[in-house]
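Novice: There's a structure below that I have some questions on.
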Amino acid sequence: MVKYITKRVLLGLLTLFVLVAITFAMTKVMPGSPLQSKNISGDVLEKMEASYGLDKPPVEQFFIYCKNLLHGDMGTSYKKVGKSVNEIIAQTMMPTLQLGCVTFCLVLVVGVSSGIMMARAKSNTVKGIWLSALTLGVSVPNFIVALLLLIIFGVELRIFPILGLSTPMHYVLPAIAQGLYPISAVARLTQNSYEEVVKQDYITMAKAKGISKRTLLFRHVLKNAMLPVITYMGPMVAFLLTGSVVIEQIYTIPGIGKEFVSAITNHDYTVVMGITIFIGAIIILCNLVADLICAVVDPRIRKSL
């Protein structure tokens, strides 16, 4: 188990290094200087670039950046004078993480419940309606869902607030818009896995022993049926973080996604790099945690490590 964790951690660090290298290379091939402005002369621009180390060769800049990154320093913003990237991420990460946690809980509760109900439904008509709804949830992009919810329930009916995350009610529309796709995916995974598990011989044997329905459901069926859902948790977190970029723009949420778009627009490359690394690290960590949970839940996986 320790060997497996070490291997996955090293693989995650290698992936993060590749992500840093690719993102750094992409910022360098962008035309113009991030400090360039109509009001700045050529001589002043050269001095500013020298103060930020932009006059050095790209390879040297990359190694200097990696050295600083190992010490937890992501650099200084080119556009927000006096502000470090660490400060910007610390200020904007909480709204994104809060919305992500609310959406994550919504996805698990609604997605798993819907999948179980679909699997236990006797009527083919009910299953067909559920399947159509889930297919629609997977097919419609989240920004369209976000706009429709905003217009209908925020502007026309005025049931929910639509700007920021000041109160619990502010989370409703963005969480639904962001969570519709993963809810549909989790529901389908749960349904398929549930239907497969209940056909296994050990479930038939457990029924023959007279085990109560509740014990059978939670201890035998759901414990094994949840493995595909747990495996999907890593990619789901990635989707929630990257999907929040659009959602935060639509609902004017001062989160890390909105800051990321602003940094790209303003050519604030150090902020772009910092946010990319931050999100990449969270995704790698969540994938590692999901794999470890699968190993704890399923002894077969644990024995193969």
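In the structure tokens, chains take the letters A, B, ... in the order shown, each chain's residues start at 1, and ligands count up from 1 in the order shown.
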Counting only C-alpha atoms, which residues of stretch 116-218 of chain A sit at most 10 Å from some atom of stretch 250-266 of chain A, and what is each one's closest atom pair with its distance in Å to one decimal, listed by chain and rising residue number, as a tab-separated table?
Specialist:
residue	atom	partner	partner_atom	distance
A:Phe143	CA	A:Ile250	CA	7.9
A:Ala146	CA	A:Ile250	CA	7.3
A:Leu147	CA	A:Ile250	CA	7.3
A:Leu150	CA	A:Tyr251	CA	8.1
A:Pro161	CA	A:Tyr251	CA	9.4
A:Ile162	CA	A:Tyr251	CA	5.8
A:Leu163	CA	A:Tyr251	CA	5.2
A:Gly164	CA	A:Ile253	CA	4.5
A:Leu165	CA	A:Ile253	CA	6.6
A:Ser166	CA	A:Ile253	CA	9.7
A:His170	CA	A:Tyr251	CA	9.2
A:Tyr171	CA	A:Tyr251	CA	9.9
A:Leu173	CA	A:Tyr251	CA	8.8
A:Pro174	CA	A:Tyr251	CA	7.1
Novice: Which polymer residues have any atom within 10 Å of an atom of stretch 96-107 of chain A, counting only C-alpha atoms, with same-chain residues fewer than 6 positions away left out, as a ChimeraX atom specification?
Specialist: /A:113,165,168,170-172,174-187,233,236-237,239-241,243-245,248,253-258
Novice: Which residues, written as a list of chain:residue names, have at least one atom at most 12 Å from A:Leu69, with only C-alpha atoms counted and residues fewer than 4 positions away on the same chain left out?
Specialist: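 Those residues are A:Leu16, A:Phe17, A:Val20, A:Phe62, A:Phe63, A:Ile64, A:Tyr65, A:Asp73, A:Met74, A:Gly75, A:Thr76, A:Val85, A:Asn86, A:Thr270, A:Met273, A:Gly274, A:Ile277, A:Phe278.
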Novice: Now that the selection is made, can you save its residues with N, CA and C atoms as a compact mmCIF listing (two decimals), in the first residue's frame?
Specialist:
# COMPACT_ATOMS: atom_id res chain seq x y z
N LEU A 16 2.41 17.16 -12.65
CA LEU A 16 2.36 18.58 -12.32
C LEU A 16 3.52 19.33 -12.96
N PHE A 17 4.70 18.71 -13.00
CA PHE A 17 5.86 19.33 -13.63
C PHE A 17 5.62 19.52 -15.13
N VAL A 20 3.30 22.40 -15.59
CA VAL A 20 4.01 23.67 -15.42
C VAL A 20 4.81 24.00 -16.68
N PHE A 62 12.46 29.68 -16.86
CA PHE A 62 11.70 28.51 -16.42
C PHE A 62 12.32 27.89 -15.17
N PHE A 63 13.64 27.73 -15.18
CA PHE A 63 14.30 27.12 -14.02
C PHE A 63 14.23 28.03 -12.79
N ILE A 64 14.29 29.33 -13.00
CA ILE A 64 14.13 30.26 -11.88
C ILE A 64 12.71 30.15 -11.31
N TYR A 65 11.73 30.04 -12.20
CA TYR A 65 10.34 29.91 -11.76
C TYR A 65 10.14 28.61 -10.97
N ASP A 73 6.68 30.05 -3.82
CA ASP A 73 6.56 31.39 -4.38
C ASP A 73 6.13 31.28 -5.84
N MET A 74 4.92 31.75 -6.15
CA MET A 74 4.41 31.70 -7.52
C MET A 74 4.63 32.98 -8.29
N GLY A 75 5.38 33.91 -7.71
CA GLY A 75 5.70 35.14 -8.43
C GLY A 75 4.77 36.29 -8.06
N THR A 76 4.94 37.37 -8.79
CA THR A 76 4.18 38.60 -8.57
C THR A 76 3.34 38.91 -9.80
N VAL A 85 1.03 36.34 -6.53
CA VAL A 85 0.07 35.36 -7.05
C VAL A 85 -0.52 34.55 -5.90
N ASN A 86 0.29 34.27 -4.89
CA ASN A 86 -0.20 33.53 -3.72
C ASN A 86 -1.35 34.28 -3.04
N THR A 270 1.78 35.37 -14.90
CA THR A 270 2.14 34.74 -13.63
C THR A 270 0.89 34.26 -12.88
N MET A 273 -0.33 31.14 -14.70
CA MET A 273 0.50 30.01 -14.29
C MET A 273 0.12 29.52 -12.90
N GLY A 274 -0.02 30.46 -11.96
CA GLY A 274 -0.32 30.09 -10.58
C GLY A 274 -1.65 29.39 -10.44
N ILE A 277 -1.49 25.84 -11.96
CA ILE A 277 -0.79 24.91 -11.06
C ILE A 277 -1.67 24.55 -9.87
N PHE A 278 -2.34 25.53 -9.30
CA PHE A 278 -3.21 25.31 -8.15
C PHE A 278 -4.33 24.32 -8.48
Novice: I need the residue nearest A:Tyr78 from this list: A:Lys28, A:Tyr269, A:Ile284, A:Pro228. Use only C-alpha atoms for the distance.
Specialist: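 The answer is A:Tyr269, which sits nearest to A:Tyr78.
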Novice: Considering only alpha helix (DSSP H) as DSSP defines it on the backbone, what residues of stretch 142-288 of chain A qualify? List them as a PyMOL selection string.
Specialist: chain A and resi 142-149+172-197+201-208+213-215+222-225+227-250+256-265+269-288
Novice: Counting only C-alpha atoms, which of A:Ile247, A:Gly53, A:Met93, A:Ala238 gets nearest to A:Leu285?
Specialist: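 Counting only C-alpha atoms, the residue closest to A:Leu285 is A:Ala238.
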